[in-house]
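Structure file input-v6.tsv (TSV, C-alpha atoms) is printed below.
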```tsv
chain	number	residue	atom	x	y	z
A	9	MET	CA	-4.82	33.15	-14.17
A	10	ALA	CA	-3.14	30.32	-16.04
A	11	ALA	CA	-3.89	26.80	-14.86
A	12	ALA	CA	-1.20	25.30	-12.63
A	13	PRO	CA	1.21	22.69	-14.01
A	14	TYR	CA	0.66	19.26	-12.57
A	15	MET	CA	1.88	15.68	-12.41
A	16	ILE	CA	-0.44	12.77	-13.06
A	17	GLY	CA	-0.45	10.35	-10.13
A	18	ILE	CA	-1.98	6.92	-10.71
A	19	ASP	CA	-2.75	4.21	-8.17
A	20	VAL	CA	-3.58	0.89	-9.80
A	21	GLY	CA	-5.31	-1.51	-7.43
A	22	GLY	CA	-6.82	-4.90	-8.00
A	23	THR	CA	-10.30	-3.35	-8.28
A	24	HIS	CA	-9.91	0.35	-9.03
A	25	CYS	CA	-7.55	2.51	-11.04
A	26	ARG	CA	-7.42	5.99	-9.55
A	27	MET	CA	-5.70	8.88	-11.33
A	28	GLY	CA	-5.38	12.53	-10.49
A	29	ALA	CA	-3.71	15.81	-11.40
A	30	VAL	CA	-1.46	16.82	-8.50
A	31	ASP	CA	0.20	20.22	-8.18
A	32	ALA	CA	3.61	20.80	-6.60
A	33	SER	CA	2.09	21.27	-3.13
A	34	GLY	CA	0.34	17.90	-3.24
A	35	THR	CA	-3.13	19.28	-3.90
A	36	ILE	CA	-5.26	17.05	-6.11
A	37	LEU	CA	-6.71	19.38	-8.73
A	38	ARG	CA	-8.90	16.77	-10.38
A	39	HIS	CA	-9.28	13.02	-10.15
A	40	GLN	CA	-11.01	10.08	-11.79
A	41	ILE	CA	-11.73	6.50	-10.75
A	42	LEU	CA	-11.87	3.69	-13.30
A	43	SER	CA	-12.21	-0.07	-13.07
A	44	SER	CA	-8.96	-2.01	-13.08
A	45	ARG	CA	-10.79	-5.23	-13.91
A	46	GLN	CA	-11.57	-3.96	-17.41
A	47	TYR	CA	-7.96	-4.49	-18.43
A	48	LEU	CA	-8.23	-8.24	-17.83
A	49	THR	CA	-10.47	-8.71	-20.87
A	50	LEU	CA	-8.77	-6.38	-23.36
A	51	ALA	CA	-6.47	-7.42	-26.19
A	52	ASP	CA	-4.20	-4.42	-25.54
A	53	PRO	CA	-4.54	-3.49	-21.86
A	54	MET	CA	-1.51	-1.20	-21.84
A	55	GLY	CA	-2.78	0.66	-24.89
A	56	ALA	CA	-6.15	1.09	-23.20
A	57	MET	CA	-4.49	2.46	-20.07
A	58	VAL	CA	-2.49	4.97	-22.10
A	59	GLU	CA	-5.69	6.08	-23.85
A	60	SER	CA	-7.44	6.60	-20.50
A	61	ILE	CA	-4.57	8.71	-19.21
A	62	ALA	CA	-4.42	10.72	-22.44
A	63	ARG	CA	-8.14	11.42	-22.19
A	64	PHE	CA	-7.81	12.50	-18.57
A	65	ARG	CA	-4.92	14.78	-19.52
A	66	ALA	CA	-6.88	16.35	-22.38
A	67	GLU	CA	-9.78	17.11	-20.05
A	68	THR	CA	-7.58	18.66	-17.35
A	69	PRO	CA	-6.54	22.34	-17.65
A	70	GLY	CA	-2.85	23.11	-17.31
A	71	GLU	CA	0.37	21.41	-18.37
A	72	ALA	CA	1.08	17.80	-17.45
A	73	ARG	CA	4.78	17.61	-16.59
A	74	GLY	CA	4.94	13.85	-16.09
A	75	VAL	CA	3.19	10.73	-14.86
A	76	CYS	CA	3.92	8.32	-12.01
A	77	ILE	CA	2.04	5.06	-11.67
A	78	GLY	CA	2.00	2.78	-8.64
A	79	ILE	CA	1.51	-0.95	-9.22
A	80	PRO	CA	0.57	-3.57	-6.58
A	81	GLY	CA	3.26	-5.95	-7.72
A	82	VAL	CA	6.92	-6.44	-8.53
A	83	ILE	CA	8.72	-3.80	-10.63
A	84	GLY	CA	12.06	-4.60	-12.25
A	85	GLY	CA	15.34	-2.96	-11.36
A	86	ASP	CA	14.90	-0.62	-14.34
A	87	ARG	CA	11.96	0.93	-12.43
A	88	GLY	CA	9.81	0.55	-15.51
A	89	THR	CA	9.12	-3.08	-16.38
A	90	VAL	CA	6.35	-4.86	-14.51
A	91	LEU	CA	7.53	-8.33	-13.53
A	92	SER	CA	4.48	-9.62	-11.68
A	93	VAL	CA	1.06	-8.30	-10.69
A	94	PRO	CA	-0.93	-11.18	-9.12
A	95	ASN	CA	-4.33	-9.47	-9.44
A	96	LEU	CA	-3.66	-8.03	-12.92
A	97	PRO	CA	-1.43	-10.57	-14.68
A	98	VAL	CA	-2.11	-8.98	-18.09
A	99	PHE	CA	0.61	-6.46	-17.22
A	100	ASP	CA	3.27	-9.05	-16.39
A	101	GLY	CA	6.38	-8.41	-18.46
A	102	VAL	CA	5.14	-5.07	-19.81
A	103	ASP	CA	7.58	-2.16	-20.16
A	104	MET	CA	5.04	0.20	-18.63
A	105	ARG	CA	7.40	3.14	-18.30
A	106	GLY	CA	8.35	2.93	-21.98
A	107	ALA	CA	4.73	2.61	-23.08
A	108	LEU	CA	3.64	5.58	-20.99
A	109	GLY	CA	6.48	7.77	-22.23
A	110	ALA	CA	5.94	6.87	-25.88
A	111	GLY	CA	2.17	7.07	-25.75
A	112	LEU	CA	1.89	10.30	-23.78
A	113	GLY	CA	5.05	12.13	-24.81
A	114	ILE	CA	5.94	13.03	-21.22
A	115	LYS	CA	8.33	11.64	-18.62
A	116	ALA	CA	7.08	8.59	-16.75
A	117	LEU	CA	7.88	6.56	-13.64
A	118	VAL	CA	6.62	3.20	-12.43
A	119	THR	CA	7.08	1.98	-8.87
A	120	HIS	CA	5.47	-0.11	-6.16
A	121	GLU	CA	2.25	1.45	-4.91
A	122	VAL	CA	3.21	1.33	-1.21
A	123	LEU	CA	6.05	3.76	-1.87
A	124	LEU	CA	3.47	6.25	-3.12
A	125	LEU	CA	1.29	5.70	-0.06
A	126	LEU	CA	4.24	6.42	2.22
A	127	THR	CA	5.26	9.45	0.12
A	128	SER	CA	1.85	10.96	0.84
A	129	ASP	CA	1.74	9.93	4.51
A	130	LEU	CA	5.19	11.31	5.32
A	131	ARG	CA	4.02	14.77	4.34
A	132	ALA	CA	0.53	14.51	5.78
A	133	ASN	CA	2.01	13.65	9.19
A	134	ASP	CA	5.02	16.01	8.99
A	135	LEU	CA	7.55	13.19	9.29
A	136	LEU	CA	10.16	14.10	6.67
A	137	GLY	CA	12.59	15.31	9.32
A	138	LEU	CA	12.74	11.93	11.04
A	139	ASP	CA	15.52	9.40	10.46
A	140	ILE	CA	13.53	6.17	10.11
A	141	VAL	CA	9.81	5.74	9.41
A	142	MET	CA	8.14	2.44	8.58
A	143	ALA	CA	4.61	1.96	7.32
A	144	VAL	CA	2.44	-1.14	7.29
A	145	TYR	CA	-0.78	-1.15	5.27
A	146	LEU	CA	-3.05	-4.06	6.19
A	147	GLY	CA	-5.41	-4.96	3.37
A	148	THR	CA	-5.97	-7.98	1.18
A	149	GLY	CA	-2.25	-8.54	1.74
A	150	ILE	CA	0.36	-6.77	3.86
A	151	GLY	CA	1.79	-3.62	2.29
A	152	ASN	CA	5.04	-2.30	3.70
A	153	ALA	CA	7.33	0.63	2.96
A	154	MET	CA	10.31	2.23	4.70
A	155	TYR	CA	11.84	5.70	4.76
A	156	ILE	CA	15.45	5.56	5.96
A	157	HIS	CA	18.04	8.37	6.22
A	158	GLY	CA	16.06	10.73	4.00
A	159	ARG	CA	15.00	8.37	1.22
A	160	LEU	CA	12.50	5.65	0.43
A	161	LEU	CA	13.96	2.16	0.53
A	162	GLU	CA	13.35	0.55	-2.87
A	163	GLY	CA	15.95	-2.23	-2.99
A	164	LYS	CA	18.22	-3.51	-5.74
A	165	ASN	CA	15.33	-5.06	-7.66
A	166	GLY	CA	12.63	-2.65	-6.54
A	167	VAL	CA	10.98	-5.23	-4.28
A	168	SER	CA	11.94	-4.20	-0.75
A	169	GLY	CA	9.31	-4.23	1.98
A	170	GLU	CA	7.81	-7.66	1.35
A	171	LEU	CA	6.95	-7.98	5.03
A	172	GLY	CA	4.04	-10.32	4.35
A	173	HIS	CA	6.40	-12.93	3.01
A	174	LEU	CA	8.33	-13.56	6.19
A	175	PRO	CA	8.46	-17.37	6.43
A	176	VAL	CA	6.72	-19.15	9.29
A	177	PRO	CA	8.62	-22.30	10.35
A	178	GLY	CA	6.59	-25.46	9.84
A	179	ASP	CA	3.81	-23.74	7.89
A	180	THR	CA	3.17	-25.28	4.46
A	181	THR	CA	0.22	-23.10	3.42
A	182	PRO	CA	0.69	-22.11	-0.25
A	183	CYS	CA	1.05	-18.37	-0.89
A	184	PRO	CA	0.21	-16.63	-4.19
A	185	CYS	CA	3.85	-15.44	-4.31
A	186	GLY	CA	4.88	-19.02	-5.09
A	187	ASN	CA	6.38	-19.85	-1.71
A	188	ALA	CA	4.73	-21.66	1.18
A	189	GLY	CA	4.32	-20.62	4.80
A	190	CYS	CA	4.30	-16.82	4.33
A	191	ILE	CA	2.98	-14.93	7.35
A	192	GLU	CA	0.64	-12.97	5.07
A	193	MET	CA	-1.57	-16.06	4.82
A	194	ARG	CA	-2.16	-15.77	8.58
A	195	ALA	CA	-2.27	-11.98	8.92
A	196	SER	CA	-4.07	-10.51	5.91
A	197	GLY	CA	-7.58	-9.68	4.76
A	198	LYS	CA	-7.61	-13.04	3.01
A	199	ARG	CA	-7.29	-14.71	6.40
A	200	LEU	CA	-10.12	-12.58	7.79
A	201	GLU	CA	-12.35	-13.76	4.94
A	202	ALA	CA	-11.68	-17.36	5.92
A	203	ILE	CA	-12.33	-16.62	9.60
A	204	LYS	CA	-15.65	-14.95	8.82
A	205	ALA	CA	-16.79	-17.83	6.62
A	206	GLN	CA	-15.82	-20.48	9.15
A	207	HIS	CA	-16.61	-18.91	12.52
A	208	TYR	CA	-19.08	-16.10	11.78
A	209	PRO	CA	-21.26	-17.48	8.94
A	210	ASP	CA	-24.18	-15.20	9.85
A	211	ALA	CA	-22.10	-12.00	9.78
A	212	GLN	CA	-22.88	-9.90	6.72
A	213	SER	CA	-19.63	-7.94	6.93
A	214	PHE	CA	-16.33	-7.63	8.77
A	215	GLU	CA	-17.96	-4.85	10.80
A	216	GLU	CA	-20.52	-7.31	12.13
A	217	MET	CA	-17.87	-9.93	12.75
A	218	PHE	CA	-15.74	-7.54	14.81
A	219	ALA	CA	-18.83	-6.33	16.70
A	220	ALA	CA	-19.74	-9.84	17.87
A	221	PRO	CA	-19.97	-10.08	21.69
A	222	VAL	CA	-17.39	-12.87	21.79
A	223	ARG	CA	-14.13	-12.68	19.83
A	224	HIS	CA	-13.16	-16.09	18.48
A	225	THR	CA	-9.61	-17.26	19.16
A	226	ALA	CA	-9.04	-17.34	15.39
A	227	ILE	CA	-9.20	-13.53	15.37
A	228	ASP	CA	-6.70	-13.43	18.24
A	229	ASP	CA	-4.39	-15.69	16.22
A	230	TYR	CA	-4.76	-13.35	13.21
A	231	LEU	CA	-3.96	-10.30	15.36
A	232	ASP	CA	-0.92	-12.02	16.83
A	233	ALA	CA	0.41	-12.98	13.38
A	234	ALA	CA	0.01	-9.41	12.13
A	235	ALA	CA	1.66	-8.07	15.28
A	236	CYS	CA	4.58	-10.48	14.93
A	237	ALA	CA	5.27	-9.25	11.40
A	238	ILE	CA	5.07	-5.60	12.44
A	239	ALA	CA	7.19	-6.10	15.57
A	240	ALA	CA	9.84	-8.01	13.62
A	241	GLU	CA	10.47	-4.96	11.46
A	242	ILE	CA	10.35	-2.64	14.45
A	243	ASN	CA	13.01	-4.73	16.19
A	244	ILE	CA	15.22	-4.58	13.10
A	245	LEU	CA	14.83	-0.88	12.28
A	246	ASP	CA	14.28	0.81	15.68
A	247	PRO	CA	12.12	3.41	13.86
A	248	ASP	CA	11.26	6.92	14.97
A	249	CYS	CA	7.67	6.31	13.95
A	250	VAL	CA	5.43	3.47	12.77
A	251	LEU	CA	2.49	4.22	10.47
A	252	LEU	CA	-0.37	1.72	10.52
A	253	GLY	CA	-3.09	1.91	7.89
A	254	GLY	CA	-4.79	0.13	5.01
A	255	GLY	CA	-8.32	-0.91	4.19
A	256	VAL	CA	-8.57	-3.52	6.94
A	257	LEU	CA	-7.64	-1.04	9.66
A	258	SER	CA	-10.36	1.28	8.36
A	259	ILE	CA	-13.10	-1.29	9.08
A	260	ALA	CA	-15.49	-0.19	11.82
A	261	ASN	CA	-15.01	-2.11	15.08
A	262	TYR	CA	-11.55	-3.35	14.07
A	263	PRO	CA	-9.75	-4.39	17.31
A	264	TYR	CA	-6.93	-1.89	16.85
A	265	ASP	CA	-6.08	-1.63	20.54
A	266	ALA	CA	-5.68	-5.41	20.74
A	267	LEU	CA	-3.38	-5.35	17.71
A	268	LEU	CA	-1.30	-2.54	19.21
A	269	ALA	CA	-1.01	-4.37	22.53
A	270	ARG	CA	0.36	-7.42	20.72
A	271	VAL	CA	2.80	-5.30	18.71
A	272	TYR	CA	4.14	-3.90	21.97
A	273	ALA	CA	4.31	-7.38	23.52
A	274	HIS	CA	6.49	-8.67	20.68
A	275	THR	CA	8.73	-5.59	20.50
A	276	ARG	CA	12.10	-5.81	22.25
A	277	LYS	CA	12.24	-4.39	25.78
A	278	PRO	CA	13.15	-1.88	26.99
A	279	TYR	CA	13.92	-0.40	23.58
A	280	PRO	CA	12.48	0.15	21.06
A	281	ALA	CA	9.32	-0.82	22.96
A	282	GLU	CA	9.46	1.97	25.56
A	283	THR	CA	9.73	4.74	22.94
A	284	LEU	CA	7.44	3.14	20.35
A	285	ARG	CA	5.37	5.72	18.47
A	286	CYS	CA	2.55	4.43	16.28
A	287	ILE	CA	0.16	6.53	14.19
A	288	ARG	CA	-3.11	5.05	12.95
A	289	LEU	CA	-3.76	6.44	9.49
A	290	PRO	CA	-7.24	7.63	8.47
A	291	ALA	CA	-8.99	6.16	5.46
A	292	ASP	CA	-8.02	8.01	2.26
A	293	ALA	CA	-8.91	6.49	-1.11
A	294	LEU	CA	-6.73	9.04	-2.93
A	295	ARG	CA	-3.59	8.56	-0.82
A	296	GLY	CA	-1.81	6.75	-3.69
A	297	VAL	CA	-2.83	9.37	-6.25
A	298	ARG	CA	-1.46	12.20	-4.10
A	299	GLY	CA	1.69	10.21	-3.41
A	300	GLY	CA	2.15	9.46	-7.10
A	301	GLY	CA	2.01	13.13	-7.95
A	302	LEU	CA	4.42	14.10	-5.18
A	303	TYR	CA	6.79	11.26	-6.12
A	304	ALA	CA	6.78	12.51	-9.72
A	305	TRP	CA	7.53	16.08	-8.64
A	306	GLU	CA	10.51	14.81	-6.67
A	307	HIS	CA	11.93	12.36	-9.21
A	308	LEU	CA	11.11	13.74	-12.67
```
Representation of the structure as structure tokens:
Amino acid sequence: MAAAPYMIGIDVGGTHCRMGAVDASGTILRHQILSSRQYLTLADPMGAMVESIARFRAETPGEARGVCIGIPGVIGGDRGTVLSVPNLPVFDGVDMRGALGAGLGIKALVTHEVLLLLTSDLRANDLLGLDIVMAVYLGTGIGNAMYIHGRLLEGKNGVSGELGHLPVPGDTTPCPCGNAGCIEMRASGKRLEAIKAQHYPDAQSFEEMFAAPVRHTAIDDYLDAAACAIAAEINILDPDCVLLGGGVLSIANYPYDALLARVYAHTRKPYPAETLRCIRLPADALRGVRGGGLYAWEHL
């Protein structure tokens, strides 16, 4: 039997670059995990990435029909040029779509990674028939994506869903985005790092911090900030379903019930609060790879 055709889905994170061959059903036929940090020290990081993908393609049976790469940063309105990647600034200003197409000889797409996560999660949870679905991925920052009236919301400039950059009145804390007072600085993994260092210096991990017999008020403040951001979008969209995931929510002992209670408290009553449906997503390191492949099958 001939090998199945596939799309190459790639999820570029600040630490790892995951790529996989994804068939039309969303099955990952083969995958590989590389270091993203390697690109920071190379003279031609885009050329090195193209070489890695070409090598993966050569080692994978079947025909590669295209490639879709998700970037944790800002993609231009042409859906191909990387404008800003805070953790991988070597790609700032790079026409990634053009480089991938020219270097690999196949069709290519570049988009924000959270859109690929939601592409995968919509199918995994059988949500494509719903009108409005929003997803929040709590990690180092706050990832956010929306599915509205049958399509992913990308925005004029490809930068919709920047939920973490809601401004907090009176807050002057600098944010890596260049603004000050973004709620992400109160509600992200970066904030949890600061809380652990200041209030739980003996904890060896977030798991230990969350397992402590007494929860410090700083954690309650973090939970409330995250809940305020999530509830703000719920109150605007009135979604059919809210997906909650990300690396932080996958930490053992994470106070998920306390977060959910605060989300409900800040959501408008009686609606959408009374019909609020939230799904906690399981950990899945290859969610972006699967989503990248599915996104490519749909758009190439």
Given all atoms listed in the file as the counted atoms, nearest of A:Gly172, A:Gly158, A:Pro97, A:Gly28 to A:Ala234: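 Using all atoms listed in the file, A:Ala234 sits closest to A:Gly172.
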Residue neighbourhood stretch 30-35 of chain A, 12 Å, all atoms listed in the file, exclusion window fewer than 2 positions, as a ChimeraX atom specification: /A:11-18,27-28,37-39,65,68-76,127-132,294-306,308
With distances taken over all atoms listed in the file, which of A:Gly109, A:Gly254, A:Gly149, A:Gly169 is nearest to A:Asn95?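 That would be A:Gly149, the residue with the smallest distance to A:Asn95.
Here atom CA of A:Lys204 and atom CA of A:Thr225 stand 12.2 Å from one another.
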Find the residues around stretch 207-211 of chain A up to 12 Å (all atoms listed in the file counted), leave out those fewer than 2 positions away in its own chain, and share them as a list in words. Arg199, Leu200, Glu201, Ala202, Ile203, Lys204, Ala205, Ser213, Phe214, Glu215, Glu216, Met217, Phe218, Ala219, Ala220, Pro221, Val222, Arg223, His224, Thr225, Ala226 and Ile227 of chain A
Quote the spacing between atom CA of A:Ala66 and atom CA of A:Arg26 in Å to one decimal place.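 Computing the Euclidean distance for atom CA of A:Ala66 and atom CA of A:Arg26 yields 16.5 Å.
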How many Å lie between atom CA of A:Ala107 and atom CA of A:Gly81, rounded to one decimal?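 Pair atom CA of A:Ala107 / atom CA of A:Gly81 returns 17.6 Å.
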Taking a cut-off of 12 Å and counting all atoms listed in the file, can you build a table that, for each residue of stretch 51-152 of chain A near stretch 267-290 of chain A, reports the nearest atom pair and how far apart they are in Å (one decimal), sorted by chain then residue number, as JSON lines?
```
{"residue": "A:Leu125", "atom": "CA", "partner": "A:Leu289", "partner_atom": "CA", "distance": 10.8}
{"residue": "A:Leu126", "atom": "CA", "partner": "A:Leu289", "partner_atom": "CA", "distance": 10.8}
{"residue": "A:Ser128", "atom": "CA", "partner": "A:Leu289", "partner_atom": "CA", "distance": 11.3}
{"residue": "A:Asp129", "atom": "CA", "partner": "A:Leu289", "partner_atom": "CA", "distance": 8.2}
{"residue": "A:Leu130", "atom": "CA", "partner": "A:Leu289", "partner_atom": "CA", "distance": 11.0}
{"residue": "A:Ala132", "atom": "CA", "partner": "A:Leu289", "partner_atom": "CA", "distance": 9.9}
{"residue": "A:Asn133", "atom": "CA", "partner": "A:Ile287", "partner_atom": "CA", "distance": 8.9}
{"residue": "A:Asp134", "atom": "CA", "partner": "A:Ile287", "partner_atom": "CA", "distance": 11.9}
{"residue": "A:Leu135", "atom": "CA", "partner": "A:Ile287", "partner_atom": "CA", "distance": 11.1}
{"residue": "A:Ile140", "atom": "CA", "partner": "A:Arg285", "partner_atom": "CA", "distance": 11.7}
{"residue": "A:Val141", "atom": "CA", "partner": "A:Cys286", "partner_atom": "CA", "distance": 10.1}
{"residue": "A:Met142", "atom": "CA", "partner": "A:Cys286", "partner_atom": "CA", "distance": 9.7}
{"residue": "A:Ala143", "atom": "CA", "partner": "A:Ile287", "partner_atom": "CA", "distance": 9.4}
{"residue": "A:Val144", "atom": "CA", "partner": "A:Leu289", "partner_atom": "CA", "distance": 10.0}
{"residue": "A:Tyr145", "atom": "CA", "partner": "A:Leu289", "partner_atom": "CA", "distance": 9.2}
{"residue": "A:Leu146", "atom": "CA", "partner": "A:Leu289", "partner_atom": "CA", "distance": 11.0}
```
